[in-house]
Protein chains: 4
Amino acid sequence: MPGSTFGTLFRVTTAGESHGPGNVCIVDGCPPGLPLSVDDLVPDLERRKPGQSRIVTPRKEDDTPEILSGVFEGRTTGTPIAVLIRNQDQRSKDYGDIKDKYRPGHADFTFDAKFGFRDYRGGGRSSARETTARVAAGAIARKLLREAHGIEVLGMVHQVGELIASIPDPADVTLEQVEVNPVRCPDADMAVKMEEHIKEVRKQQDSIGGAATVVAKHIPAGWGEPVFDKLKADLGKALFSLPAVLGVEYGQGFGVATTRGTEHSDTFVPDDGKAPPIATDTNRHGGLLGGISSGMPIVFRCAVKPTSSIPQERPTVDNEGNPTTLATKGRHDPCLLPRFVPMAEAMVLLVLADHMLRQRATRALDA
Amino acid sequence: MPGSTFGTLFRVTTAGESHGPGNVCIVDGCPPGLPLSVDDLVPDLERRKPGQSRIVTPRKEDDTPEILSGVFEGRTTGTPIAVLIRNQDQRSKDYGDIKDKYRPGHADFTFDAKFGFRDYRGGGRSSARETTARVAAGAIARKLLREAHGIEVLGMVHQVGELIASIPDPADVTLEQVEVNPVRCPDADMAVKMEEHIKEVRKQQDSIGGAATVVAKHIPAGWGEPVFDKLKADLGKALFSLPAVLGVEYGQGFGVATTRGTEHSDTFVPDDGKAPPIATDTNRHGGLLGGISSGMPIVFRCAVKPTSSIPQERPTVDNEGNPTTLATKGRHDPCLLPRFVPMAEAMVLLVLADHMLRQRATRALDA
Amino acid sequence: MPGSTFGTLFRVTTAGESHGPGNVCIVDGCPPGLPLSVDDLVPDLERRKPGQSRIVTPRKEDDTPEILSGVFEGRTTGTPIAVLIRNQDQRSKDYGDIKDKYRPGHADFTFDAKFGFRDYRGGGRSSARETTARVAAGAIARKLLREAHGIEVLGMVHQVGELIASIPDPADVTLEQVEVNPVRCPDADMAVKMEEHIKEVRKQQDSIGGAATVVAKHIPAGWGEPVFDKLKADLGKALFSLPAVLGVEYGQGFGVATTRGTEHSDTFVPDDGKAPPIATDTNRHGGLLGGISSGMPIVFRCAVKPTSSIPQERPTVDNEGNPTTLATKGRHDPCLLPRFVPMAEAMVLLVLADHMLRQRATRALDA
Amino acid sequence: MPGSTFGTLFRVTTAGESHGPGNVCIVDGCPPGLPLSVDDLVPDLERRKPGQSRIVTPRKEDDTPEILSGVFEGRTTGTPIAVLIRNQDQRSKDYGDIKDKYRPGHADFTFDAKFGFRDYRGGGRSSARETTARVAAGAIARKLLREAHGIEVLGMVHQVGELIASIPDPADVTLEQVEVNPVRCPDADMAVKMEEHIKEVRKQQDSIGGAATVVAKHIPAGWGEPVFDKLKADLGKALFSLPAVLGVEYGQGFGVATTRGTEHSDTFVPDDGKAPPIATDTNRHGGLLGGISSGMPIVFRCAVKPTSSIPQERPTVDNEGNPTTLATKGRHDPCLLPRFVPMAEAMVLLVLADHMLRQRATRALDA
């Protein structure tokens with residue numbers, strides 16, 4: 001099965017490269033009657049787009065979406081919604097010299113190994129530009145989930161290099177706290193330091209890694225399937241499908257390795273505010289038990305590598321295996337994290353919309 | 001799409017519960033002509049089965065597989081291979097008192113929230129017993145991958161609680177080093193300490209978490225799809241689909257957050273032993289670039305929680321939300337890691353077999 | 001994608017050959033809470049099984065199903081339901097001489113061309129014995145559709161050779177009218193003639209084709225998707241997936257070629273008995289408009305070829321292309337139609353159960 | 001699973017309505033390195049487009065495709081190919097009066113029953129305009145199949161009303177014989193009569209049905225899967241997914257009902273021109289045995305209803321079930337058959353491209 005479709009019932013198919021005419025997504029399966037317009041897509045695309053601040057790539061893209069189908073008189077029709085975002089600022093000439101050389105840490109080599117040749121302009125389909133289509137689709141999922149269940153999904157940067165934010169409970173963070181600074185870190189003091197650090201790293205012609213948290217709230221208990229399509233498995237895949245992600249964990253995450261059973265399990269307690277009227281007193285389980293949503297906030301964290309596109313000259317090989325050197329030109333993010341946040345939210349939104357529809361399909365006859 | 005099918009071209013469907021008649025897998029898509037018999041399935045099932053050592057659950061199961069179809073005169077026919085493993089030692093009476101109470105940390109509550117009721121005997125389909133069918137399917141994938149490309153997949157325990165093994169390069173570890181001790185830790189000295197620690201924990205009526213590494217070697221460069229179905233994404237999903245996994249990372253993993261771009265990227269170097277003749281000098285990228293295999297060993301690590309089934313009495317609620325207490329009876333693993341190893345290998349094998357077939361389908365006409 | 005899985009939400013995977021240990025189906029996606037036991041599977045399996053009358057193959061099979069999973073305390077759990085039907089009367093020795101020769105009209109040649117070799121015992125997986133698993137799955141779908149919507153699906157033979165039954169409206173035929181005679185033709189007089197004709201054909205060591213009608217009633221309006229997954233397309237595929245089917249038509253069928261637009265379209269009329277309160281005065285459209293159910297009975301017809309297994313000696317080639325002759329031994333149906341009826345019903349039931357769940361998933365938020 | 005995606009390995013997703021901004025297809029899974037440009041898409045789109053002759057709808061559309069992705073330096077890259085065809089001549093005002101009334105024989109009613117409301121302009125997504133995207137995708141499949149195996153797929157009209165063409169062997173018909181007249185009937189004399197008949201029918205403010213044949217040549221033996229995904233089943237679905245198709249048959253089709261086994265089966269004969277060196281002397285089986293390709297030409301026939309859009313005033317109901325009358329305005333085809341030909345070819349091409357890739361994936365290791 002080709003790899004450009006995601007989801008089973010809320011299903012997204014994308015196409016497009018970094019330096020081609022544009023990026024497209026087709027969202028198939030969105031229920032009919034949902035109010036939708038381009039205004040619903042713009043905010044998330046703005047958060048993802050290049051050139052939004054001094055600490056991201058200066059590539060200039062309007063990223064104005066055009067809805068080509070599936071919306072009539074301001075509402076979704078139940079038929080597929082196609083969205084086109086044209087590329088504009090394509091400086092393909094920046095990329096000519098990597099045609100035959102492999103940038104370290106990039107997909108140049110693996111694409112050639114896979115396909116026999118590649119669109120070398122800006123990474124082609126391996127470029128993070130491809131996520132434009134995902135973010136547009138995610139914005140549609142966001143509208144659906146909010147309308148149907150009041151679900152909110154919010155990402156935030158909690159680490160840049162050695163700098164780690166203090167976030168007492170990520171489920172309490174607001175969109176405003178995240179968006180008020182260009183780093184998208186809700187710890188305002190640390191955000192300032194992170195911004196300075198990123199600028200310093202760029203000045204050194206280097207890049208820096210980091211980590212982000214994504215929280216999903218108001219998910220009803222019972223979403224996700226028991227075995228292969230656990231909600232945790234589909235969320236794990238979704239996040240690992242993003243460029244530069246090397247680690248994913250939820251709840252207590254890797255910390256669980258040193259934990260006793262008596263310490264780890266959260267205690268079930270009565271909670272009249274929920275249906276069924278049951279919660280847990282703590283949330284070490286990260287909102288997922290048996291891989292299925294428990295009704296508590298779902299909390300994931302992702303490790304994101306430093307971009308491999310750095311202007312320093314480095315040793316590498318050409319496509320025949322001969323040693324050579326290469327300095328990556330083009331315009332790049334010194335730290336991927338700020339723009340990673342809307343991408344990660346989009347993927348989580350797509351998984352949740354899909355499992356919302358799956359749960360509708362497979363619930364009991366009398367439920 | 002129901003959640004009991006995994007893979008697109010090498011496709012596994014499983015069924016079965018902890019205390020029903022048995023577990024079944026149907027493997028559809030295995031190429032014809034592969035030599036296969038029950039003898040190929042037994043070793044991995046033996047490594048997974050309960051009662052194999054003093055540090056795992058004492059439940060007694062023969063786990064003898066019966067091949068029901070798809071094999072003729074000792075070779076696969078290309079049609080679906082069904083394997084049945086009957087359950088034997090089903091002490092269902094152990095579970096009657098959890099019918100209406102939710103075990104902390106278990107899927108009891110989320111299954112009820114999802115389905116309206118549940119097979120409460122031993123966790124039903126949320127039990128790790130369900131992985132029997134996955135391990136049988138994984139053994140078929142192992143045979144295929146070995147025959148076609150000499151691919152080897154090996155898991156090992158590298159952490160139990162605070163005890164961390166010394167494993168200079170997991171790609172150098174052999175099956176014998178792993179299987180020589182009941183913990184499945186290739187650091188022989190640490191294995192002894194881990195075994196003692198697990199026994200101590202069990203004596204305390206508690207359980208302990210840990211972490212495991214899985215290595216896949218001899219994967220050709222170019223497997224995996226560019227966007228959603230990256231090999232890293234499908235492997236991530238596969239590992240998160242296993243019970244008790246709270247974190248997954250590959251290559252440098254979460255360590256990447258504190259790393260500079262100049263430090264992280266591995267350098268491409270000529271390597272005549274490979275086709276194409278290119279390798280990297282180090283393997284911080286864990287065998288995956290752009291989510292696609294680079295030809296270097298693929299290295300993943302998983303965090304596994306302590307089993308929630310512990311005999312101590314703990315507070316919880318019943319299925320109407322009323323506070324109560326519960327002590328989990330039944331027979332359980334004080335540490336899931338030793339038996340987690342063959343389960344994790346099975347999931348990695350299934351993903352690799354699937355992408356092997358996908359690469360056959362989508363390669364260039366002249367490749 | 002391997003070809004042994006059918007459906008997207010009500011999803012069936014089958015395995016098994018004519019002369020192996022048995023046939024298995026896994027039904028994944030059946031909603032929880034549905035009352036189900038082997039007694040629900042037996043009637044349809046009895047209608048399909050060999051040896052049921054003097055005009056079908058005398059092969060003796062009990063076809064007793066064993067439910068291996070997914071049912072607890074008499075109700076479906078929402079997890080996959082595996083059913084095993086073991087083979088018993090396997091006279092494999094009948095088939096040794098076709099190992100290297102191709103039976104005319106059979107799949108022997110195409111299986112060898114596809115897979116390189118084949119299980120030649122009784123056709124292996126190309127045998128109609130494979131439909132045992134489909135019929136078991138269809139019986140589960142029947143229970144679900146009946147419980148949820150009062151839907152009934154009924155097949156009947158309307159043609160054997162030149163003999164064509166008089167069936168004023170197939171939507172008025174009852175199960176009793178069909179089952180009262182071994183041909184499964186509701187026109188009692190014609191059924192007698194058909195039975196005689198089939199006996200005569202068998203006496204001549206020949207076989208005869210025919211045609212069957214399947215009616216599905218009480219389907220709500222609105223099932224099926226607009227473009228590729230039209231209900232008519234999925235039903236068409238389902239019926240063509242059965243062995244020996246060379247033609248499928250619904251409503252006016254091929255007769256439409258000579259019809260004017262003013263004659264063909266049925267007129268919409270008010271009908272308070274329906275929701276929405278609209279019907280058509282006639283049913284030339286066969287219950288499907290735009291490929292989506294209209295609320296009127298869905299009516300399909302299938303052309304079924306004479307079985308190619310006839311004991312007369314005929315010219316053919318061996319697997320190297322050398323001319324030879326062959327007489328098919330083994331036990332076969334002189335006319336496939338009587339046993340085709342439950343197979344066709346099963347496939348229609350599977351499609352309807354799938355689209356019932358799909359419609360649940362994709363309906364409007366407020367529907 | 002939403003219904004706008006078709007195929008598993010050569011996978012097409014479409015979006016678009018009759019009177020929205022345009023129609024899009026995304027073709028995912030096309031192997032890399034295939035020469036491709038818009039010039040490959042234009043011929044088939046020209047054959048499908050309205051306004052091409054005096055016997056089709058006069059709607060004016062340029063139907064100029066834009067390739068948005070997946071092609072670089074004149075070759076496919078292996079990543080998804082998106083094609084956009086904008087709508088131009090959208091006289092939406094023609095359709096305002098059918099907003100609340102149901103056109104007899106149309107999908108208006110079933111769309112409302114399904115989705116709760118609909119894009120009533122020109123049928124929205126139920127319009128045959130949606131097939132523009134399919135034809136563009138089919139043209140890519142045609143290029144692939146021709147390049148890889150020399151496969152040719154050709155459709156032709158063989159019946160319009162009572163007029164039936166004489167076509168001794170459809171496998172001998174050439175594209176030129178089909179395209180030389182506006183009816184697309186290779187029997188030149190009959191084509192003239194058909195054209196006259198269609199004009200006469202239009203003059204009478206009526207429409208007329210018909211039937212078309214599609215032939216696929218040079219398909220290797222062994223394509224298609226044994227059970228559910230038989231090539232005949234997938235072709236059957238593909239053709240039934242087209243608007244207005246009420247019947248599909250292959251080979252001897254419905255004629256098989258009156259045929260004896262001794263008469264029906266074709267005889268295998270040696271044929272050095274084939275690999276394996278085996279053919280059949282006749283082709284009553286229509287190129288498919290056990291649903292798998294035999295290496296002989298695949299021959300399908302479809303019954304196509306008269307368009308329901310006729311300008312005569314007819315009784316119907318409104319969306320509350322109240323009786324009313326309606327005359328369909330807008331511009332329509334008096335006979336759908338001439339433009340049906342490229343649509344049917346496209347669907348057959350998509351199925352064949354998909355099974356070509358499936359066979360690559362599932363063949364034996366040494367094949």
# chains A, B, ... in the order shown; residues from 1 in each chain; ligands from 1
call {"tool": "interface_residues", "arguments": {"of": "chain C", "to": "chain A", "cutoff": "7 Å", "atoms": "only C-alpha atoms", "output": "ChimeraX atom specification"}}
result
/C:1,29,31-33,148,357-358,360-365
call {"tool": "write_last_selection", "arguments": {"atoms": "N, CA and C atoms", "output": "CSV table (one decimal), in the first residue's frame"}}
result
chain,number,residue,atom,x,y,z
C,1,MET,N,-2.0,-5.7,-1.4
C,1,MET,CA,-2.8,-6.2,-0.3
C,1,MET,C,-3.2,-7.6,-0.6
C,29,GLY,N,-14.7,-6.7,13.8
C,29,GLY,CA,-15.5,-5.5,13.6
C,29,GLY,C,-17.0,-5.7,14.0
C,31,PRO,N,-20.0,-5.5,16.1
C,31,PRO,CA,-20.3,-4.8,17.3
C,31,PRO,C,-20.5,-5.7,18.5
C,32,PRO,N,-20.2,-5.2,19.7
C,32,PRO,CA,-20.3,-6.0,20.9
C,32,PRO,C,-21.8,-6.2,21.3
C,33,GLY,N,-22.0,-7.2,22.1
C,33,GLY,CA,-23.3,-7.4,22.7
C,33,GLY,C,-24.4,-8.1,21.9
C,148,ALA,N,-30.3,-5.5,14.0
C,148,ALA,CA,-30.2,-4.0,14.0
C,148,ALA,C,-31.3,-3.4,13.1
C,357,LEU,N,-22.0,-0.5,9.0
C,357,LEU,CA,-21.1,0.1,9.9
C,357,LEU,C,-20.5,1.4,9.3
C,358,ARG,N,-20.2,1.3,8.0
C,358,ARG,CA,-19.7,2.5,7.4
C,358,ARG,C,-20.7,3.7,7.5
C,360,ARG,N,-22.8,4.2,9.9
C,360,ARG,CA,-22.8,4.7,11.3
C,360,ARG,C,-21.6,5.6,11.5
C,361,ALA,N,-20.5,5.3,10.8
C,361,ALA,CA,-19.3,6.1,11.0
C,361,ALA,C,-19.4,7.4,10.4
C,362,THR,N,-20.0,7.5,9.2
C,362,THR,CA,-19.9,8.7,8.4
C,362,THR,C,-21.1,9.6,8.3
C,363,ARG,N,-22.1,9.2,9.1
C,363,ARG,CA,-23.3,10.0,9.1
C,363,ARG,C,-23.0,11.4,9.8
C,364,ALA,N,-23.9,12.3,9.6
C,364,ALA,CA,-23.8,13.7,10.1
C,364,ALA,C,-23.7,13.6,11.6
C,365,LEU,N,-23.1,14.6,12.2
C,365,LEU,CA,-22.9,14.7,13.7
C,365,LEU,C,-24.3,14.6,14.4
call {"tool": "residues_around", "arguments": {"residues": "range 173-176 of chain A", "least_positions_apart": "5", "cutoff": "12 Å", "atoms": "only C-alpha atoms", "output": "PyMOL selection string"}}
result
chain A and resi 43-44+47+152-158+166-168+181-182+184-188+213-217+341-342+345
call {"tool": "select_by_dssp", "arguments": {"residues": "range 266-352 of chain C", "states": "strand (DSSP E or B)", "output": "VMD selection string"}}
result
chain C and resid 268 to 270 278 to 280 288 to 289 292 to 293 298 to 304 313 to 318 323 to 327
call {"tool": "atom_distance", "arguments": {"atom1": "CA of Pro276 in chain C", "atom2": "CA of Asp112 in chain D"}}
result
9.6 Å
call {"tool": "atom_distance", "arguments": {"atom1": "CA of His218 in chain D", "atom2": "CA of Ile298 in chain D"}}
result
9.0 Å
call {"tool": "select_by_dssp", "arguments": {"residues": "range 138-212 of chain D", "states": "alpha helix (DSSP H)", "output": "number ranges by chain"}}
result
D: 138-149, 175-179, 188-203
call {"tool": "write_last_selection", "arguments": {"atoms": "N, CA and C atoms", "output": "mmCIF file, in the first residue's frame"}}
result
data_model
loop_
_atom_site.group_PDB
_atom_site.id
_atom_site.type_symbol
_atom_site.label_atom_id
_atom_site.label_comp_id
_atom_site.auth_asym_id
_atom_site.auth_seq_id
_atom_site.Cartn_x
_atom_site.Cartn_y
_atom_site.Cartn_z
ATOM 1 N N GLY D 138 -6.355 6.958 -14.990
ATOM 2 C CA GLY D 138 -6.293 5.812 -15.896
ATOM 3 C C GLY D 138 -5.230 5.998 -16.974
ATOM 4 N N ALA D 139 -5.052 7.230 -17.406
ATOM 5 C CA ALA D 139 -4.044 7.497 -18.438
ATOM 6 C C ALA D 139 -2.633 7.223 -17.904
ATOM 7 N N ILE D 140 -2.425 7.477 -16.617
ATOM 8 C CA ILE D 140 -1.121 7.158 -16.013
ATOM 9 C C ILE D 140 -0.948 5.640 -15.939
ATOM 10 N N ALA D 141 -2.012 4.952 -15.554
ATOM 11 C CA ALA D 141 -1.968 3.486 -15.526
ATOM 12 C C ALA D 141 -1.681 2.928 -16.921
ATOM 13 N N ARG D 142 -2.287 3.545 -17.928
ATOM 14 C CA ARG D 142 -2.084 3.080 -19.306
ATOM 15 C C ARG D 142 -0.604 3.174 -19.677
ATOM 16 N N LYS D 143 0.004 4.308 -19.329
ATOM 17 C CA LYS D 143 1.424 4.496 -19.645
ATOM 18 C C LYS D 143 2.271 3.413 -18.968
ATOM 19 N N LEU D 144 1.971 3.157 -17.722
ATOM 20 C CA LEU D 144 2.737 2.165 -16.958
ATOM 21 C C LEU D 144 2.590 0.768 -17.552
ATOM 22 N N LEU D 145 1.350 0.374 -17.830
ATOM 23 C CA LEU D 145 1.088 -0.977 -18.328
ATOM 24 C C LEU D 145 1.692 -1.196 -19.715
ATOM 25 N N ARG D 146 1.622 -0.148 -20.514
ATOM 26 C CA ARG D 146 2.167 -0.245 -21.870
ATOM 27 C C ARG D 146 3.683 -0.388 -21.799
ATOM 28 N N GLU D 147 4.297 0.449 -20.969
ATOM 29 C CA GLU D 147 5.753 0.451 -20.838
ATOM 30 C C GLU D 147 6.250 -0.882 -20.268
ATOM 31 N N ALA D 148 5.538 -1.409 -19.284
ATOM 32 C CA ALA D 148 6.025 -2.585 -18.563
ATOM 33 C C ALA D 148 5.740 -3.884 -19.308
ATOM 34 N N HIS D 149 4.567 -3.970 -19.951
ATOM 35 C CA HIS D 149 4.162 -5.253 -20.525
ATOM 36 C C HIS D 149 3.556 -5.138 -21.925
ATOM 37 N N LEU D 175 -7.862 0.926 -32.037
ATOM 38 C CA LEU D 175 -8.274 2.240 -31.535
ATOM 39 C C LEU D 175 -8.818 3.091 -32.683
ATOM 40 N N GLU D 176 -8.189 3.014 -33.838
ATOM 41 C CA GLU D 176 -8.614 3.822 -34.976
ATOM 42 C C GLU D 176 -10.040 3.470 -35.383
ATOM 43 N N GLN D 177 -10.346 2.164 -35.402
ATOM 44 C CA GLN D 177 -11.704 1.733 -35.781
ATOM 45 C C GLN D 177 -12.744 2.270 -34.808
ATOM 46 N N VAL D 178 -12.342 2.443 -33.572
ATOM 47 C CA VAL D 178 -13.267 2.938 -32.562
ATOM 48 C C VAL D 178 -13.424 4.453 -32.648
ATOM 49 N N GLU D 179 -12.308 5.136 -32.855
ATOM 50 C CA GLU D 179 -12.321 6.593 -32.758
ATOM 51 C C GLU D 179 -12.755 7.280 -34.050
ATOM 52 N N ALA D 188 -18.613 0.110 -38.683
ATOM 53 C CA ALA D 188 -18.789 1.434 -39.282
ATOM 54 C C ALA D 188 -20.228 1.663 -39.754
ATOM 55 N N ASP D 189 -20.821 0.637 -40.335
ATOM 56 C CA ASP D 189 -22.189 0.792 -40.840
ATOM 57 C C ASP D 189 -23.162 0.997 -39.693
ATOM 58 N N MET D 190 -23.008 0.160 -38.693
ATOM 59 C CA MET D 190 -23.905 0.272 -37.563
ATOM 60 C C MET D 190 -23.695 1.602 -36.827
ATOM 61 N N ALA D 191 -22.455 2.084 -36.839
ATOM 62 C CA ALA D 191 -22.156 3.345 -36.156
ATOM 63 C C ALA D 191 -22.987 4.486 -36.746
ATOM 64 N N VAL D 192 -23.137 4.457 -38.049
ATOM 65 C CA VAL D 192 -23.943 5.501 -38.682
ATOM 66 C C VAL D 192 -25.381 5.434 -38.207
ATOM 67 N N LYS D 193 -25.911 4.210 -38.167
ATOM 68 C CA LYS D 193 -27.304 4.045 -37.709
ATOM 69 C C LYS D 193 -27.448 4.453 -36.254
ATOM 70 N N MET D 194 -26.476 4.082 -35.460
ATOM 71 C CA MET D 194 -26.527 4.441 -34.039
ATOM 72 C C MET D 194 -26.542 5.954 -33.865
ATOM 73 N N GLU D 195 -25.693 6.637 -34.632
ATOM 74 C CA GLU D 195 -25.623 8.096 -34.523
ATOM 75 C C GLU D 195 -26.972 8.720 -34.875
ATOM 76 N N GLU D 196 -27.562 8.203 -35.964
ATOM 77 C CA GLU D 196 -28.874 8.714 -36.365
ATOM 78 C C GLU D 196 -29.908 8.466 -35.260
ATOM 79 N N HIS D 197 -29.836 7.286 -34.704
ATOM 80 C CA HIS D 197 -30.794 6.900 -33.662
ATOM 81 C C HIS D 197 -30.661 7.813 -32.436
ATOM 82 N N ILE D 198 -29.446 8.090 -32.057
ATOM 83 C CA ILE D 198 -29.221 8.948 -30.888
ATOM 84 C C ILE D 198 -29.776 10.350 -31.150
ATOM 85 N N LYS D 199 -29.538 10.851 -32.367
ATOM 86 C CA LYS D 199 -30.065 12.179 -32.704
ATOM 87 C C LYS D 199 -31.590 12.196 -32.656
ATOM 88 N N GLU D 200 -32.174 11.131 -33.151
ATOM 89 C CA GLU D 200 -33.630 11.013 -33.170
ATOM 90 C C GLU D 200 -34.177 10.998 -31.731
ATOM 91 N N VAL D 201 -33.523 10.215 -30.893
ATOM 92 C CA VAL D 201 -33.941 10.115 -29.491
ATOM 93 C C VAL D 201 -33.861 11.479 -28.815
ATOM 94 N N ARG D 202 -32.795 12.217 -29.090
ATOM 95 C CA ARG D 202 -32.655 13.534 -28.474
ATOM 96 C C ARG D 202 -33.757 14.477 -28.948
ATOM 97 N N LYS D 203 -34.059 14.371 -30.255
ATOM 98 C CA LYS D 203 -35.130 15.192 -30.801
ATOM 99 C C LYS D 203 -36.444 14.919 -30.063
#
call {"tool": "atom_distance", "arguments": {"atom1": "CA of Arg134 in chain D", "atom2": "CA of Glu46 in chain D"}}
result
13.2 Å
call {"tool": "residues_around", "arguments": {"residues": "Arg103 in chain A", "least_positions_apart": "5", "cutoff": "9 Å", "atoms": "only C-alpha atoms", "output": "PyMOL selection string"}}
result
(chain A and resi 98+108-109+308-309+314+316-317+326-328) or (chain B and resi 267-268)
call {"tool": "residues_around", "arguments": {"residues": "range 239-254 of chain D", "least_positions_apart": "3", "cutoff": "7 Å", "atoms": "only C-alpha atoms", "output": "compact mmCIF listing (two decimals) with N, CA and C atoms, in the first residue's frame"}}
result
# COMPACT_ATOMS: atom_id res chain seq x y z
N VAL C 227 -18.63 7.23 -4.86
CA VAL C 227 -17.83 7.02 -6.06
C VAL C 227 -17.38 5.56 -6.19
N PHE C 228 -16.21 5.23 -5.67
CA PHE C 228 -15.68 3.88 -5.92
C PHE C 228 -16.41 2.82 -5.10
N ASP C 229 -16.76 3.17 -3.88
CA ASP C 229 -17.36 2.18 -2.99
C ASP C 229 -18.88 2.30 -2.96
N LYS C 230 -19.43 2.51 -4.14
CA LYS C 230 -20.88 2.41 -4.27
C LYS C 230 -21.33 1.06 -3.71
N LYS C 232 -23.54 -0.71 -5.03
CA LYS C 232 -23.65 -1.59 -6.19
C LYS C 232 -22.28 -2.12 -6.61
N ALA C 233 -21.23 -1.32 -6.43
CA ALA C 233 -19.88 -1.78 -6.80
C ALA C 233 -19.39 -2.85 -5.83
N GLY C 236 -21.30 -5.94 -6.47
CA GLY C 236 -20.82 -6.53 -7.71
C GLY C 236 -19.53 -7.30 -7.48
N LEU C 246 -20.04 -15.55 -14.00
CA LEU C 246 -19.57 -14.85 -15.20
C LEU C 246 -20.36 -13.58 -15.50
N GLY C 247 -21.46 -13.37 -14.78
CA GLY C 247 -22.24 -12.17 -15.03
C GLY C 247 -23.01 -11.76 -13.79
N VAL C 248 -23.15 -10.45 -13.61
CA VAL C 248 -23.91 -9.90 -12.49
C VAL C 248 -24.71 -8.72 -13.02
N GLU C 249 -25.96 -8.63 -12.63
CA GLU C 249 -26.77 -7.47 -13.01
C GLU C 249 -27.78 -7.20 -11.91
N TYR C 250 -28.24 -5.95 -11.83
CA TYR C 250 -29.25 -5.63 -10.82
C TYR C 250 -30.36 -4.84 -11.48
N GLY C 253 -31.06 -4.59 -15.25
CA GLY C 253 -29.89 -5.31 -15.76
C GLY C 253 -29.60 -5.02 -17.22
N PHE C 254 -29.19 -6.05 -17.95
CA PHE C 254 -28.84 -5.87 -19.35
C PHE C 254 -30.02 -5.42 -20.21
N GLY C 290 -27.58 6.00 -7.99
CA GLY C 290 -26.23 6.53 -7.78
C GLY C 290 -25.38 5.51 -7.05
N ALA C 303 -25.09 -14.99 -13.24
CA ALA C 303 -24.95 -16.12 -14.16
C ALA C 303 -23.83 -17.03 -13.64
N ALA D 128 -21.31 12.55 -13.53
CA ALA D 128 -20.26 11.86 -14.28
C ALA D 128 -19.04 12.75 -14.46
N LEU D 235 -12.29 -6.18 -11.29
CA LEU D 235 -12.78 -5.57 -12.53
C LEU D 235 -14.28 -5.35 -12.45
N GLY D 236 -14.99 -6.31 -11.89
CA GLY D 236 -16.44 -6.16 -11.72
C GLY D 236 -16.77 -4.96 -10.87
N ALA D 257 -25.61 -19.53 -18.78
CA ALA D 257 -26.69 -20.20 -18.05
C ALA D 257 -27.27 -21.37 -18.83
N ASN D 283 -11.99 -18.59 -26.45
CA ASN D 283 -11.91 -17.69 -25.28
C ASN D 283 -13.30 -17.43 -24.68
N ARG D 284 -14.05 -18.51 -24.49
CA ARG D 284 -15.34 -18.36 -23.79
C ARG D 284 -15.14 -17.95 -22.34
N HIS D 285 -13.96 -18.26 -21.79
CA HIS D 285 -13.69 -17.92 -20.39
C HIS D 285 -13.30 -16.45 -20.22
N GLY D 286 -13.17 -15.73 -21.32
CA GLY D 286 -12.94 -14.29 -21.23
C GLY D 286 -11.65 -13.89 -20.55
N VAL D 299 -12.13 -9.94 -21.65
CA VAL D 299 -13.23 -9.30 -22.36
C VAL D 299 -14.42 -9.11 -21.42
N PHE D 300 -14.77 -7.86 -21.18
CA PHE D 300 -15.93 -7.53 -20.34
C PHE D 300 -16.97 -6.75 -21.15
N ARG D 301 -18.22 -6.91 -20.76
CA ARG D 301 -19.30 -6.10 -21.34
C ARG D 301 -20.12 -5.44 -20.23
N CYS D 302 -20.56 -4.21 -20.47
CA CYS D 302 -21.35 -3.47 -19.48
C CYS D 302 -22.65 -2.98 -20.09
N ALA D 303 -23.73 -3.09 -19.32
CA ALA D 303 -25.01 -2.49 -19.70
C ALA D 303 -25.10 -1.10 -19.06
N VAL D 304 -25.42 -0.10 -19.87
CA VAL D 304 -25.46 1.29 -19.40
C VAL D 304 -26.87 1.84 -19.61
N LYS D 305 -27.43 2.39 -18.57
CA LYS D 305 -28.82 2.84 -18.66
C LYS D 305 -28.93 4.15 -19.43
N ALA D 344 -14.77 3.55 -18.87
CA ALA D 344 -14.63 2.11 -18.60
C ALA D 344 -13.18 1.67 -18.79
N MET D 347 -11.14 2.60 -15.71
CA MET D 347 -11.31 1.74 -14.54
C MET D 347 -10.61 0.41 -14.72
